[in-house]
>>> print(open('start17.cif').read())   # mmCIF, C-alpha atoms
data_protein
#
loop_
_atom_site.label_atom_id
_atom_site.label_comp_id
_atom_site.auth_asym_id
_atom_site.auth_seq_id
_atom_site.Cartn_x
_atom_site.Cartn_y
_atom_site.Cartn_z
CA LEU A 1 11.25 -4.99 12.20
CA VAL A 2 14.63 -4.17 10.65
CA CYS A 3 14.85 -4.19 6.85
CA ILE A 4 18.13 -3.48 5.03
CA PRO A 5 18.76 -3.56 1.27
CA SER A 6 21.55 -5.69 -0.13
CA PHE A 7 23.16 -2.98 -2.22
CA LEU A 8 22.90 0.70 -3.06
CA LEU A 9 21.85 2.78 -6.03
CA PHE A 10 23.67 5.97 -6.96
CA TYR A 11 21.51 8.20 -9.12
CA SER A 12 22.15 11.52 -10.85
CA ALA A 13 18.93 13.40 -11.60
CA GLN A 14 20.83 15.81 -13.81
CA ASN A 15 22.52 13.24 -16.02
CA ARG A 16 19.63 10.79 -15.73
CA THR A 17 21.99 7.86 -15.43
CA THR A 18 22.21 5.11 -12.85
CA THR A 19 25.02 2.97 -11.56
CA THR A 20 24.61 0.19 -9.04
CA THR A 21 27.37 -0.80 -6.65
CA THR A 22 27.80 -3.53 -4.06
CA THR A 23 30.24 -1.54 -1.97
CA MET A 24 30.15 1.61 0.06
CA THR A 25 33.58 3.10 0.70
CA GLN A 26 34.73 -0.53 0.34
CA SER A 27 34.07 -0.95 4.04
CA ARG A 28 31.61 -2.01 6.70
CA LEU A 29 28.23 -1.01 5.30
CA ALA A 30 28.18 -3.25 2.25
CA SER A 31 29.31 -6.29 4.22
CA SER A 32 26.61 -5.79 6.84
CA LEU A 33 23.63 -5.44 4.53
CA VAL A 34 20.96 -8.15 4.31
CA LEU A 35 19.07 -8.93 1.10
CA LEU A 36 15.70 -7.20 0.77
CA LEU A 37 14.84 -4.78 -2.04
CA LEU A 38 16.39 -2.00 -4.04
CA SER A 39 14.21 0.29 -6.12
CA LEU A 40 15.52 1.58 -9.44
CA ILE A 41 14.25 5.14 -9.55
CA SER A 42 12.56 6.44 -12.68
CA HIS A 43 15.01 7.78 -15.26
CA THR A 44 13.33 11.17 -15.33
CA ALA A 45 13.78 14.55 -13.71
CA LEU A 46 12.18 14.96 -10.31
CA GLY A 47 9.46 17.11 -11.82
CA ASN A 48 8.18 13.90 -13.47
CA TRP A 49 8.52 11.81 -10.32
CA GLU A 50 6.09 8.91 -10.45
CA GLY A 51 6.06 7.93 -6.81
CA CYS A 52 7.40 5.09 -4.68
CA ILE A 53 7.11 2.08 -6.96
CA ASP A 54 7.54 -1.56 -6.00
CA PRO A 55 10.10 -2.88 -8.53
CA ASN A 56 8.61 -6.37 -8.23
CA ASN A 57 5.16 -5.14 -9.24
CA PRO A 58 5.51 -1.69 -10.79
CA THR A 59 1.97 -1.50 -12.21
CA SER A 60 0.24 -2.30 -8.93
CA SER A 61 -1.77 0.45 -7.25
CA ASP A 62 -0.67 -1.12 -3.94
CA LEU A 63 -3.54 0.23 -1.85
CA VAL A 64 -2.69 0.15 1.84
CA LYS A 65 -4.38 -2.66 3.76
CA ILE A 66 -3.84 -3.33 7.45
CA GLY A 67 -1.62 -6.38 7.94
CA SER A 68 -0.39 -6.49 4.34
CA PRO A 69 3.12 -5.46 3.22
CA HIS A 70 3.33 -1.99 1.70
CA SER A 71 6.19 -0.27 -0.13
CA ILE A 72 7.93 2.62 1.60
CA CYS A 73 10.84 4.41 -0.05
CA ILE A 74 13.62 6.05 1.98
CA THR A 75 16.03 8.37 0.21
CA ILE A 76 19.27 9.89 1.50
CA GLY A 77 20.63 12.93 -0.33
CA PRO A 78 21.68 16.57 0.01
CA THR A 79 19.85 19.76 0.81
CA GLY A 80 19.53 22.27 -2.02
CA HIS A 81 17.92 22.27 -5.44
CA TRP A 82 17.11 18.70 -6.38
CA SER A 83 15.81 19.78 -9.79
CA GLU A 84 19.34 20.87 -10.72
CA GLY A 85 20.64 17.32 -10.31
CA VAL A 86 21.77 15.48 -7.19
CA GLU A 87 23.22 12.12 -6.25
CA TYR A 88 21.45 10.09 -3.61
CA LEU A 89 20.94 6.66 -2.10
CA HIS A 90 17.53 5.05 -2.42
CA PHE A 91 16.04 2.17 -0.43
CA ILE A 92 12.72 0.33 -0.34
CA PHE A 93 11.31 -1.74 2.49
CA ARG A 94 7.90 -3.37 2.84
CA PRO A 95 6.66 -3.50 6.43
CA LYS A 96 3.16 -4.66 7.23
CA ALA A 97 0.79 -1.71 7.28
CA ASP A 98 -0.14 -0.53 10.77
CA GLU A 99 2.83 -2.20 12.40
CA TYR A 100 5.30 0.16 14.02
CA ALA A 101 8.16 -0.40 11.58
CA ARG A 102 11.85 0.35 11.95
CA PHE A 103 14.37 0.73 9.11
CA HIS A 104 18.02 0.85 10.21
CA ILE A 105 21.15 1.25 8.08
CA PRO A 106 24.07 -0.29 10.01
CA ASP A 107 27.28 1.79 10.23
CA SER A 108 25.64 4.60 8.25
CA TYR A 109 27.10 7.30 10.51
CA ARG A 110 30.58 5.87 10.17
CA ASP A 111 30.35 5.40 6.40
CA LEU A 112 28.38 8.48 5.35
CA VAL A 113 29.77 11.02 7.80
CA ASN A 114 33.19 9.93 9.10
CA ASP A 115 34.66 8.12 6.12
CA GLU A 116 36.60 10.44 3.81
CA GLN A 117 35.58 8.28 0.84
CA THR A 118 31.87 8.70 1.45
CA PRO A 119 29.95 8.94 -1.84
CA LEU A 120 27.74 11.71 -0.44
CA LYS A 121 29.68 14.63 0.99
CA GLY A 122 28.43 17.58 3.01
CA ASN A 123 24.94 18.07 4.37
CA LEU A 124 22.69 15.01 4.22
CA THR A 125 18.91 14.75 4.37
CA VAL A 126 16.38 11.92 4.54
CA HIS A 127 12.93 11.84 3.01
CA VAL A 128 10.20 9.21 2.86
CA SER A 129 7.67 8.43 0.15
CA SER A 130 4.83 5.96 -0.31
CA GLN A 131 2.58 5.74 -3.37
CA THR A 132 2.69 9.40 -4.50
CA GLY A 133 2.85 10.77 -0.96
CA LEU A 134 6.12 12.52 -0.19
CA SER A 135 7.61 13.99 2.97
CA PHE A 136 9.75 17.07 3.29
CA LEU A 137 13.52 16.67 3.66
CA ARG A 138 14.73 16.15 7.22
CA GLN A 139 18.38 17.02 7.74
CA TYR A 140 20.43 14.14 9.15
CA HIS A 141 23.95 15.59 8.91
CA ASP A 142 24.58 19.31 9.36
CA ALA A 143 28.16 19.43 8.08
CA ASP A 144 28.50 23.17 8.73
CA ASN A 145 27.80 22.87 12.45
CA PHE A 146 29.00 19.27 12.99
CA ARG A 147 25.58 18.05 14.09
CA ILE A 148 23.70 14.78 13.63
CA PHE A 149 19.89 14.64 13.83
CA PRO A 150 19.15 10.92 14.33
CA TYR A 151 15.49 10.97 15.41
CA LEU A 152 13.27 10.27 12.41
CA THR A 153 9.66 9.10 12.65
CA ALA A 154 7.46 9.33 9.56
CA ILE A 155 3.67 9.53 9.93
CA ILE A 156 1.86 8.18 6.86
CA ASP A 157 -1.65 9.60 6.48
CA VAL A 158 -3.96 7.28 4.53
CA ASP A 159 -7.55 7.69 3.32
CA LYS A 160 -9.26 4.47 2.20
CA GLY A 161 -5.94 2.91 1.25
CA ARG A 162 -4.50 5.90 -0.61
CA VAL A 163 -1.63 7.85 0.91
CA ARG A 164 -2.63 11.50 1.33
CA GLY A 165 0.61 12.81 2.82
CA ILE A 166 3.62 12.04 4.97
CA ALA A 167 4.71 14.20 7.89
CA TRP A 168 7.64 14.00 10.28
CA ASP A 169 6.76 13.58 13.93
CA ASP A 170 7.95 15.97 16.64
CA ALA A 171 11.59 15.04 17.32
CA CYS A 172 12.09 17.59 20.11
CA VAL A 173 10.66 15.27 22.74
CA PHE A 174 14.04 13.55 23.13
CA CYS A 175 16.04 16.52 24.44
CA SER A 176 15.87 19.92 26.10
CA ASN A 177 14.70 22.84 23.99
CA ASN A 178 18.20 24.28 23.61
CA LYS A 179 19.32 21.07 21.86
CA CYS A 180 16.48 21.10 19.34
CA GLU A 181 16.80 22.99 16.05
CA GLU A 182 14.92 23.46 12.80
CA ASN A 183 16.04 20.80 10.33
CA MET A 184 13.36 20.49 7.63
CA PHE A 185 13.50 21.74 4.03
CA ASP A 186 11.66 21.49 0.74
CA PHE A 187 13.29 20.20 -2.45
CA ASN A 188 14.46 23.68 -3.40
CA GLY A 189 16.46 23.96 -0.17
CA VAL A 190 14.02 26.39 1.46
CA SER A 191 13.66 26.01 5.22
CA SER A 192 10.28 25.04 6.61
CA VAL A 193 10.42 28.20 8.72
CA ALA A 194 10.39 30.34 5.58
CA LEU A 195 7.63 28.16 4.14
CA ASN A 196 5.54 28.43 7.32
CA VAL A 197 4.81 24.71 7.19
CA ASN A 198 2.14 23.51 9.59
CA GLU A 199 3.82 20.36 10.86
CA PRO A 200 6.67 19.51 13.27
CA SER A 201 9.95 20.66 11.74
CA ARG A 202 12.58 20.47 14.48
CA GLY A 203 14.80 17.73 15.83
CA CYS A 204 17.23 16.95 18.64
CA TYR A 205 20.86 16.64 17.68
CA PHE A 206 24.14 15.14 18.80
CA MET A 207 27.45 16.84 18.14
CA GLN A 208 29.74 14.70 15.98
CA GLU A 209 32.15 14.36 18.89
CA GLN A 210 29.36 12.69 20.84
CA CYS A 211 28.56 10.39 17.92
CA ASN A 212 32.20 9.40 17.58
CA GLU A 213 32.21 8.39 21.23
CA ILE A 214 28.96 6.48 20.75
CA ILE A 215 30.25 4.42 17.82
CA ASN A 216 33.58 3.82 19.61
CA ASN A 217 31.48 2.14 22.29
CA ASN A 218 29.62 0.08 19.66
CA GLY A 219 26.51 2.24 19.89
CA VAL A 220 24.11 2.79 16.98
CA ASP A 221 22.27 5.91 18.17
CA CYS A 222 23.81 8.05 15.42
CA ASP A 223 23.04 5.69 12.53
CA ILE A 224 20.19 6.49 10.17
CA THR A 225 17.07 4.86 11.59
CA VAL A 226 13.59 5.68 10.34
CA TYR A 227 10.45 4.66 12.24
CA VAL A 228 7.06 4.57 10.51
CA VAL A 229 3.54 4.84 11.94
CA TRP A 230 0.18 5.03 10.20
CA THR A 231 -2.96 7.10 10.64
CA GLY A 232 -6.29 7.25 8.77
CA THR A 233 -8.10 4.32 7.14
CA ASP A 234 -7.02 1.41 4.97
CA SER A 235 -8.56 0.13 1.71
CA ASN A 236 -11.35 -1.58 3.67
CA GLY A 237 -12.16 1.52 5.68
CA ASN A 238 -10.57 0.17 8.86
CA SER A 239 -8.79 2.67 11.11
CA PHE A 240 -5.05 2.39 11.70
CA GLN A 241 -3.97 1.92 15.32
CA SER A 242 -0.16 2.06 15.19
CA SER A 243 -0.06 5.75 16.08
CA ASN A 244 -1.15 4.70 19.56
CA TYR A 245 2.00 2.61 20.00
CA ARG A 246 4.70 5.20 19.44
CA PHE A 247 7.47 5.88 21.94
CA SER A 248 5.86 6.83 25.24
CA ALA A 249 7.70 10.15 25.12
CA PHE A 250 5.79 11.23 22.02
CA PRO A 251 2.98 13.76 22.51
CA ALA A 252 -0.50 12.25 22.75
CA LYS A 253 -1.93 14.83 20.34
CA ARG A 254 -4.07 13.32 17.63
CA LEU A 255 -1.65 12.65 14.79
CA GLN A 256 -3.95 13.33 11.91
CA ASP A 257 -4.38 16.95 13.04
CA ARG A 258 -0.66 17.41 12.48
CA ILE A 259 -0.41 15.97 8.99
CA SER A 260 0.47 18.56 6.37
CA ILE A 261 -0.63 17.87 2.83
CA SER A 262 1.74 20.62 1.69
CA ASN A 263 3.73 19.89 -1.45
CA PRO A 264 7.46 19.77 -0.65
CA PHE A 265 8.26 20.42 -4.32
CA ALA A 266 6.62 23.88 -4.08
#
>>> encode(input="start17.cif", output="structure tokens")
Amino acid sequence: LVCIPSFLLFYSAQNRTTTTTTTMTQSRLASSLVLLLLSLISHTALGNWEGCIDPNNPTSSDLVKIGSPHSICITIGPTGHWSEGVEYLHFIFRPKADEYARFHIPDSYRDLVNDEQTPLKGNLTVHVSSQTGLSFLRQYHDADNFRIFPYLTAIIDVDKGRVRGIAWDDACVFCSNNKCEENMFDFNGVSSVALNVNEPSRGCYFMQEQCNEIINNNGVDCDITVYVVWTGTDSNGNSFQSSNYRFSAFPAKRLQDRISISNPFA
């Protein structure tokens, strides 16, 4: 399942203003996008964040039910203090719950990292939300060290249809240990190491030189791609099974034991 929004939202939490645009660096990304959904984020500071809301049905509780579409928000922004005001890109897609879903942004490496006119400069992170569950920030672009962390799998922990938390899966299974680094932060820019977070917090990386070679050969390995799996029980009390169908390289450890209900705003 590949779901791509038709246009992008630029949002400033500090100024509390929004501007929509149908272009991104006036280049490839906008022309490649396919119509789906774009969420207009609440015009409030992040301290008053109301959750991932379906713009087509904003009052719905949207309890998670196996086989039914469910809203998942994916946000691309900086590291650092989000409460001080940041600009970011925000997407919504609605995969069927308990299907192993994939969200891919075509040409995102080229347009967000390589293009000098990128609207988001410097370090870039990705986080996922659903209902009021919120993941930590996972770094995608480490501008200081010229690294790209492309492996992003979100684990959504659900109890009777209500999202309890969202954790990032272990992304060190794709490379040797010397190519795997800490790349998770809270919304104050504090590393997960300092926070002593009890969930996987490292990821494998490519150097930008490698990514440039990949895209020159029409590869997409360095684009932003987020996979989603589910664990727990849906609104009818049925157990999710999609965690059993992850990449074969993923550890077989029971996922729910690894879910952190820590608050990334702390």
>>> resolve_selection(input="start17.cif", expression="the PyMOL selection byres ((chain A and resi 129) around 8)", output="ChimeraX atom specification")
/A:51-52,72-74,127-128,130-135,166
>>> resolve_selection(input="start17.cif", expression="the PyMOL selection byres ((chain A and resi 122) around 12)", output="JSON, numbers by chain")
{"A": [77, 78, 79, 80, 87, 112, 113, 114, 115, 116, 117, 118, 119, 120, 121, 123, 124, 125, 139, 140, 141, 142, 143, 144, 145, 146, 147, 148]}
>>> atom_distance(input="start17.cif", atom1="CA of Gly232 in chain A", atom2="CA of Ala167 in chain A")
13.0 Å
>>> closest_residue(input="start17.cif", among="A:Cys175, A:Ile53, A:Asp107, A:Asn198", to="Asn218 in chain A", atoms="only C-alpha atoms")
A:Asp107
>>> resolve_selection(input="start17.cif", expression="the PyMOL selection byres ((chain A and resi 180) around 12)", output="PyMOL selection string")
chain A and resi 147-151+170-179+181-183+200-207
>>> axis_aligned_box(input="start17.cif", around="range 87-105 of chain A", padding_each_side="4 Å", output="JSON")
{"center_x": 11.5, "center_y": 3.7, "center_z": 3.9, "size_x": 31.4, "size_y": 24.8, "size_z": 28.3}
>>> atom_distance(input="start17.cif", atom1="CA of Phe91 in chain A", atom2="CA of Phe185 in chain A")
20.2 Å
>>> closest_residue(input="start17.cif", among="A:Asn216, A:Pro69, A:Val126, A:Asp223", to="His90 in chain A", atoms="all atoms listed in the file")
A:Val126
>>> atom_distance(input="start17.cif", atom1="CA of Ser71 in chain A", atom2="CA of Gly189 in chain A")
26.3 Å
>>> closest_residue(input="start17.cif", among="A:Phe136, A:Leu63, A:Asn56, A:Ile214", to="Gly237 in chain A", atoms="all atoms listed in the file")
A:Leu63
>>> closest_residue(input="start17.cif", among="A:Ala101, A:Arg138, A:Glu209, A:Tyr227", to="Thr75 in chain A", atoms="all atoms listed in the file")
A:Arg138
>>> closest_residue(input="start17.cif", among="A:Asn212, A:Asn217, A:Thr153, A:Ser83", to="Val229 in chain A", atoms="only C-alpha atoms")
A:Thr153
>>> closest_residue(input="start17.cif", among="A:Leu195, A:Ile105, A:Val220, A:Ile155", to="Phe240 in chain A", atoms="only C-alpha atoms")
A:Ile155
>>> residues_around(input="start17.cif", residues="Ile215 in chain A", least_positions_apart="4", cutoff="9 Å", atoms="all atoms listed in the file", output="PyMOL selection string")
chain A and resi 107+109-110+210-211+219-222
